[in-house]
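Have a look at start31.cif; it's mmCIF, C-alpha atoms and all ligand atoms:
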data_model
#
loop_
_atom_site.label_atom_id
_atom_site.label_comp_id
_atom_site.auth_asym_id
_atom_site.auth_seq_id
_atom_site.Cartn_x
_atom_site.Cartn_y
_atom_site.Cartn_z
CA MET A 904 79.74 -40.35 -41.37
CA PHE A 905 82.21 -37.60 -40.51
CA ASN A 906 79.73 -35.59 -38.43
CA LYS A 907 81.84 -36.06 -35.34
CA ALA A 908 85.13 -35.22 -37.03
CA ARG A 909 87.18 -32.65 -35.19
CA LEU A 910 90.23 -30.58 -35.91
CA LYS A 911 93.43 -32.40 -34.93
CA ILE A 912 95.93 -30.29 -33.04
CA TYR A 913 99.72 -30.77 -32.94
CA PRO A 914 101.34 -32.97 -31.62
CA ASP A 915 98.59 -35.42 -32.69
CA SER A 916 100.56 -38.11 -34.53
CA VAL A 917 98.09 -38.30 -37.42
CA LEU A 918 99.47 -34.96 -38.59
CA ARG A 919 102.78 -36.72 -39.32
CA GLU A 920 101.30 -39.52 -41.42
CA LYS A 921 101.23 -39.67 -45.21
CA SER A 922 97.86 -39.60 -46.92
CA PHE A 923 96.68 -42.09 -49.52
CA PRO A 924 95.25 -41.35 -52.96
CA VAL A 925 91.48 -41.43 -53.38
CA PHE A 926 90.13 -44.01 -55.83
CA ASP A 927 86.41 -43.90 -55.06
CA PHE A 928 84.54 -40.68 -55.74
CA ASP A 929 81.59 -41.79 -53.69
CA LYS A 930 79.30 -40.61 -50.90
CA ASN A 931 82.01 -41.28 -48.38
CA LEU A 932 84.28 -38.76 -50.12
CA GLN A 933 81.45 -36.25 -50.36
CA SER A 934 80.81 -36.63 -46.64
CA LEU A 935 84.50 -36.11 -45.90
CA ILE A 936 84.63 -32.95 -48.03
CA ASN A 937 81.47 -31.59 -46.38
CA ALA A 938 83.01 -32.14 -42.94
CA MET A 939 86.24 -30.44 -44.03
CA ARG A 940 84.35 -27.40 -45.31
CA ARG A 941 82.33 -27.12 -42.12
CA ILE A 942 85.40 -27.36 -39.92
CA MET A 943 87.51 -24.96 -42.01
CA TYR A 944 84.83 -22.26 -41.96
CA GLU A 945 84.04 -22.85 -38.27
CA HIS A 946 87.68 -22.13 -37.47
CA LYS A 947 87.89 -19.27 -39.97
CA GLY A 948 90.65 -21.02 -41.87
CA ILE A 949 91.61 -20.43 -45.49
CA GLY A 950 92.67 -24.01 -46.14
CA LEU A 951 92.38 -27.50 -44.71
CA ALA A 952 93.75 -30.94 -45.51
CA ALA A 953 91.99 -34.23 -44.67
CA PRO A 954 94.65 -35.43 -42.18
CA GLN A 955 93.83 -32.35 -40.10
CA ILE A 956 90.56 -34.06 -39.23
CA GLY A 957 92.25 -37.42 -38.87
CA ILE A 958 91.55 -38.84 -42.33
CA LEU A 959 94.58 -39.96 -44.33
CA LYS A 960 93.24 -39.22 -47.79
CA GLN A 961 94.67 -36.88 -50.39
CA VAL A 962 91.97 -34.21 -50.17
CA ILE A 963 92.52 -30.48 -49.65
CA ILE A 964 90.28 -27.45 -49.67
CA ALA A 965 91.13 -23.76 -49.84
CA ASP A 966 89.18 -20.50 -49.81
CA VAL A 967 91.14 -17.25 -49.73
CA GLY A 968 88.01 -15.17 -50.20
CA ASN A 969 87.09 -15.68 -53.82
CA GLY A 970 85.55 -19.11 -53.86
CA LEU A 971 86.17 -22.58 -52.54
CA LEU A 972 88.62 -24.89 -54.27
CA THR A 973 88.37 -28.62 -53.58
CA LEU A 974 91.23 -30.77 -54.85
CA VAL A 975 91.50 -34.53 -54.65
CA ASN A 976 94.86 -36.22 -55.32
CA PRO A 977 96.58 -32.88 -56.04
CA THR A 978 99.91 -32.82 -57.87
CA ILE A 979 102.18 -29.86 -58.49
CA LEU A 980 103.24 -29.95 -62.15
CA GLU A 981 105.31 -26.80 -62.29
CA ARG A 982 106.59 -24.08 -59.94
CA LYS A 983 107.80 -20.54 -60.53
CA GLY A 984 109.21 -17.81 -58.31
CA GLU A 985 109.76 -17.82 -54.57
CA GLU A 986 108.54 -15.67 -51.72
CA ILE A 987 108.85 -15.93 -47.93
CA LEU A 988 105.80 -15.05 -45.84
CA THR A 989 104.66 -15.87 -42.30
CA GLU A 990 102.14 -18.71 -42.22
CA GLY A 991 99.88 -20.07 -39.53
CA CYS A 992 98.05 -23.38 -39.35
CA LEU A 993 94.77 -24.34 -37.68
CA SER A 994 96.51 -27.41 -36.24
CA LEU A 995 99.28 -25.28 -34.66
CA PRO A 996 97.43 -22.50 -32.86
CA GLY A 997 99.49 -19.47 -31.88
CA ILE A 998 102.47 -20.30 -34.06
CA GLY A 999 103.73 -18.37 -37.07
CA VAL A 1000 106.62 -19.49 -39.25
CA ASP A 1001 108.27 -17.77 -42.19
CA VAL A 1002 107.91 -20.25 -45.04
CA PRO A 1003 109.36 -19.97 -48.54
CA ARG A 1004 106.86 -20.98 -51.22
CA SER A 1005 106.66 -20.83 -54.99
CA THR A 1006 104.65 -17.84 -56.15
CA ARG A 1007 103.07 -19.58 -59.13
CA LEU A 1008 101.99 -23.17 -59.64
CA ALA A 1009 100.53 -25.39 -62.28
CA ILE A 1010 98.56 -28.13 -60.55
CA SER A 1011 96.47 -31.12 -61.47
CA GLY A 1012 94.03 -33.25 -59.56
CA PHE A 1013 90.36 -34.13 -59.46
CA ASP A 1014 87.23 -32.40 -58.26
CA GLN A 1015 84.86 -34.09 -55.82
CA SER A 1016 83.01 -35.88 -58.62
CA GLY A 1017 86.20 -37.32 -60.11
CA LYS A 1018 86.56 -34.89 -63.00
CA ALA A 1019 90.17 -34.11 -63.87
CA ILE A 1020 91.29 -30.56 -63.09
CA GLU A 1021 94.33 -28.70 -64.32
CA MET A 1022 94.86 -25.08 -63.31
CA GLU A 1023 97.36 -22.33 -62.60
CA LEU A 1024 97.47 -20.65 -59.22
CA SER A 1025 99.29 -17.59 -57.96
CA GLY A 1026 99.60 -15.43 -54.86
CA LEU A 1027 97.91 -16.50 -51.65
CA MET A 1028 96.02 -19.36 -53.31
CA ALA A 1029 99.28 -20.87 -54.56
CA ARG A 1030 100.73 -20.58 -51.05
CA VAL A 1031 97.73 -22.18 -49.35
CA VAL A 1032 97.70 -25.09 -51.79
CA GLN A 1033 101.42 -25.76 -51.14
CA HIS A 1034 100.76 -25.63 -47.38
CA GLU A 1035 97.87 -28.11 -47.67
CA ILE A 1036 99.83 -30.48 -49.93
CA ASP A 1037 102.56 -30.44 -47.25
CA HIS A 1038 99.93 -31.78 -44.82
CA LEU A 1039 99.29 -34.72 -47.17
CA ASN A 1040 102.97 -35.61 -46.76
CA GLY A 1041 103.01 -35.15 -42.98
CA VAL A 1042 104.94 -31.88 -43.28
CA LEU A 1043 104.08 -28.99 -40.94
CA ILE A 1044 105.12 -25.33 -40.90
CA ILE A 1045 107.33 -25.96 -37.86
CA ASP A 1046 109.52 -28.07 -40.16
CA TYR A 1047 110.64 -24.72 -41.60
CA GLN A 1048 111.34 -23.65 -38.05
CA GLU A 1049 114.69 -21.97 -38.35
CA ASN A 1050 112.25 -19.10 -38.83
CA LYS A 1051 109.90 -20.05 -35.97
CA LYS A 1052 108.52 -17.33 -33.76
CA GLU A 1053 105.79 -17.15 -31.15
CA VAL A 1054 102.75 -15.10 -32.03
CA VAL A 1055 101.76 -12.97 -29.06
CO CO A 1101 97.95 -26.23 -41.90
#

Would you kindly transcribe this structure into structure tokens?
Amino acid sequence: MFNKARLKIYPDSVLREKSFPVFDFDKNLQSLINAMRRIMYEHKGIGLAAPQIGILKQVIIADVGNGLLTLVNPTILERKGEEILTEGCLSLPGIGVDVPRSTRLAISGFDQSGKAIEMELSGLMARVVQHEIDHLNGVLIIDYQENKKEVV
């Protein structure tokens, strides 16, 4: 169903839309998640949100090198600390922006089968999850662009 899905590149307007919660944990969702995984790994990304392949659903994935996290309808329950680091985005090739993020998070959501998840995240994983949740709200790294710089 999403076999032909492709990465959406800025300024594609879908990247500015808000995503909707998922209610059906069905084959359609599984197909979406499979397409997201394929596209993220193809592009050597460490995270991806569904709107980045044109689907306005609250689904994110992340893999910073120690396993794949899939989160449906993610919510940040609690934040601690702050750190500024340069981020990139598969949908904004060649751009790096210094973005302040919380260093530790408590999050909730659902896995792909609809099972409730609650977990704590820190370091790079916490950063990637905040970046991907931004995508679900139509927010991009360039929105932090007082710190924008071109990557050569
Ligand atoms: Co991104």

Write out as JSON lines a residue-level contact list of chain A versus ligand CO 1101 (chain A) with cut-off 8 Å: for each qualifying residue the closest pair of atoms and the distance in Å to one decimal, counting only C-alpha atoms and all ligand atoms, rows sorted by chain and residue number upward.
{"residue": "A:Gly950", "atom": "CA", "partner": "A:CO1101", "partner_atom": "CO", "distance": 7.1}
{"residue": "A:Leu951", "atom": "CA", "partner": "A:CO1101", "partner_atom": "CO", "distance": 6.4}
{"residue": "A:Ala952", "atom": "CA", "partner": "A:CO1101", "partner_atom": "CO", "distance": 7.3}
{"residue": "A:Gln955", "atom": "CA", "partner": "A:CO1101", "partner_atom": "CO", "distance": 7.6}
{"residue": "A:Gly991", "atom": "CA", "partner": "A:CO1101", "partner_atom": "CO", "distance": 6.9}
{"residue": "A:Cys992", "atom": "CA", "partner": "A:CO1101", "partner_atom": "CO", "distance": 3.8}
{"residue": "A:Leu993", "atom": "CA", "partner": "A:CO1101", "partner_atom": "CO", "distance": 5.6}
{"residue": "A:Ser994", "atom": "CA", "partner": "A:CO1101", "partner_atom": "CO", "distance": 6.0}
{"residue": "A:Leu995", "atom": "CA", "partner": "A:CO1101", "partner_atom": "CO", "distance": 7.4}
{"residue": "A:His1034", "atom": "CA", "partner": "A:CO1101", "partner_atom": "CO", "distance": 6.2}
{"residue": "A:Glu1035", "atom": "CA", "partner": "A:CO1101", "partner_atom": "CO", "distance": 6.1}
{"residue": "A:His1038", "atom": "CA", "partner": "A:CO1101", "partner_atom": "CO", "distance": 6.6}
{"residue": "A:Leu1043", "atom": "CA", "partner": "A:CO1101", "partner_atom": "CO", "distance": 6.8}
{"residue": "A:Ile1044", "atom": "CA", "partner": "A:CO1101", "partner_atom": "CO", "distance": 7.3}

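Picture a line from CA of Glu981 in chain A to CA of Glu920 in chain A; it runs 24.8 Å.
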
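From CA of Ile949 in chain A back to CA of Pro1003 in chain A, the distance works out to 18.0 Å.
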
Test item: residues at most 12 Å from Leu932 in chain A, only C-alpha atoms, excluding those fewer than 5 positions along its chain, as an MDAnalysis selection string: chainID A and resid 904:905 924:927 937:939 953 958:963 973:975 1014:1017

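Among A:Ile956, A:Gln933, A:Met943, A:Ile1045, the residue with the shortest atom-to-atom distance to Lys907 in chain A, counting only C-alpha atoms, is A:Ile956.
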
For CA of Lys930 in chain A and CA of Glu945 in chain A, the interatomic separation in Å (one decimal): 22.3 Å

Just the residues within 9 Å of Glu1023 in chain A, please, counting only C-alpha atoms, with nothing from its chain fewer than 6 positions along; format it as a PDB file with C-alpha atoms, in the frame of the given file.
ATOM      1  CA  ARG A1007     103.070 -19.580 -59.130  1.00  0.00           C
ATOM      2  CA  LEU A1008     101.990 -23.170 -59.640  1.00  0.00           C
ATOM      3  CA  ALA A1009     100.530 -25.390 -62.280  1.00  0.00           C
ATOM      4  CA  ILE A1010      98.560 -28.130 -60.550  1.00  0.00           C
ATOM      5  CA  SER A1011      96.470 -31.120 -61.470  1.00  0.00           C
ATOM      6  CA  ALA A1029      99.280 -20.870 -54.560  1.00  0.00           C
TER       7      ALA A1029
END

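Of the listed residues (A:Ile964, A:Arg982, A:Lys1018, A:Leu971), A:Ile964 comes nearest to Val1032 in chain A; the distances count all atoms listed in the file.
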
Choose the residue, out of A:Asn906, A:Thr978, A:Asn969, A:Gln1048, that has the smallest atom-to-atom separation from Gly1012 in chain A; count all atoms listed in the file. A:Thr978

Point (89.7, -17.3, -49.1) neighbourhood (10 Å, only C-alpha atoms) written as a ChimeraX atom specification: /A:944,947-950,965-972,1027-1028,1031

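Closest approach to Gly999 in chain A among A:Tyr913, A:His946, A:Tyr1047, A:Arg940 is made by A:Tyr1047 (distances from only C-alpha atoms).
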
Give me the residues near Ile987 in chain A as a ChimeraX atom specification, where near means some atom within 8 Å (using all atoms listed in the file) and where sequence neighbours in that chain fewer than 4 positions away do not count. /A:1001-1004

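With all atoms listed in the file as the basis for measurement, A:Ala908 is the residue among A:Val917, A:Ala908, A:Leu1039, A:Phe923 that approaches Ile936 in chain A most closely.
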
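Of the residues listed (A:Asn976, A:Ser1025, A:Gln1033, A:Ser1005), A:Asn976 shows the shortest atom-to-atom separation from Ser922 in chain A; distances use only C-alpha atoms.
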
Compile the contact shell of Gly1041 in chain A as a PyMOL selection string: residues with an atom at most 7 Å away, counting all atoms listed in the file, same-chain residues fewer than 5 positions apart removed. chain A and resi 918-921

Taking the partial coordinates given, rebuild range 922-934 of chain A to contain N, CA and C atoms; return it as a PDB file, in the frame of the given file.
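The resulting file, selection_26.pdb, is reproduced below:
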ATOM      1  N   SER A 922      99.216 -39.289 -46.458  1.00  0.00           N
ATOM      2  CA  SER A 922      97.860 -39.600 -46.920  1.00  0.00           C
ATOM      3  C   SER A 922      97.887 -40.445 -48.183  1.00  0.00           C
ATOM      4  N   PHE A 923      96.800 -41.173 -48.387  1.00  0.00           N
ATOM      5  CA  PHE A 923      96.680 -42.090 -49.520  1.00  0.00           C
ATOM      6  C   PHE A 923      95.808 -41.492 -50.620  1.00  0.00           C
ATOM      7  N   PRO A 924      96.093 -41.856 -51.868  1.00  0.00           N
ATOM      8  CA  PRO A 924      95.250 -41.350 -52.960  1.00  0.00           C
ATOM      9  C   PRO A 924      93.808 -41.850 -52.827  1.00  0.00           C
ATOM     10  N   VAL A 925      92.897 -41.065 -53.342  1.00  0.00           N
ATOM     11  CA  VAL A 925      91.480 -41.430 -53.380  1.00  0.00           C
ATOM     12  C   VAL A 925      91.194 -42.155 -54.689  1.00  0.00           C
ATOM     13  N   PHE A 926      90.515 -43.284 -54.614  1.00  0.00           N
ATOM     14  CA  PHE A 926      90.130 -44.010 -55.830  1.00  0.00           C
ATOM     15  C   PHE A 926      88.625 -43.998 -56.043  1.00  0.00           C
ATOM     16  N   ASP A 927      87.871 -43.852 -54.955  1.00  0.00           N
ATOM     17  CA  ASP A 927      86.410 -43.900 -55.060  1.00  0.00           C
ATOM     18  C   ASP A 927      85.823 -42.515 -54.833  1.00  0.00           C
ATOM     19  N   PHE A 928      85.192 -41.980 -55.857  1.00  0.00           N
ATOM     20  CA  PHE A 928      84.540 -40.680 -55.740  1.00  0.00           C
ATOM     21  C   PHE A 928      83.080 -40.923 -55.369  1.00  0.00           C
ATOM     22  N   ASP A 929      82.894 -41.305 -54.123  1.00  0.00           N
ATOM     23  CA  ASP A 929      81.590 -41.790 -53.690  1.00  0.00           C
ATOM     24  C   ASP A 929      81.018 -40.903 -52.583  1.00  0.00           C
ATOM     25  N   LYS A 930      79.954 -41.375 -51.966  1.00  0.00           N
ATOM     26  CA  LYS A 930      79.300 -40.610 -50.900  1.00  0.00           C
ATOM     27  C   LYS A 930      80.204 -40.394 -49.701  1.00  0.00           C
ATOM     28  N   ASN A 931      81.051 -41.373 -49.475  1.00  0.00           N
ATOM     29  CA  ASN A 931      82.010 -41.280 -48.380  1.00  0.00           C
ATOM     30  C   ASN A 931      82.938 -40.069 -48.576  1.00  0.00           C
ATOM     31  N   LEU A 932      83.415 -39.904 -49.801  1.00  0.00           N
ATOM     32  CA  LEU A 932      84.280 -38.760 -50.120  1.00  0.00           C
ATOM     33  C   LEU A 932      83.505 -37.456 -49.971  1.00  0.00           C
ATOM     34  N   GLN A 933      82.271 -37.451 -50.461  1.00  0.00           N
ATOM     35  CA  GLN A 933      81.450 -36.250 -50.360  1.00  0.00           C
ATOM     36  C   GLN A 933      81.244 -35.861 -48.895  1.00  0.00           C
ATOM     37  N   SER A 934      81.008 -36.856 -48.073  1.00  0.00           N
ATOM     38  CA  SER A 934      80.810 -36.630 -46.640  1.00  0.00           C
ATOM     39  C   SER A 934      82.085 -36.069 -46.001  1.00  0.00           C
TER      40      SER A 934
END
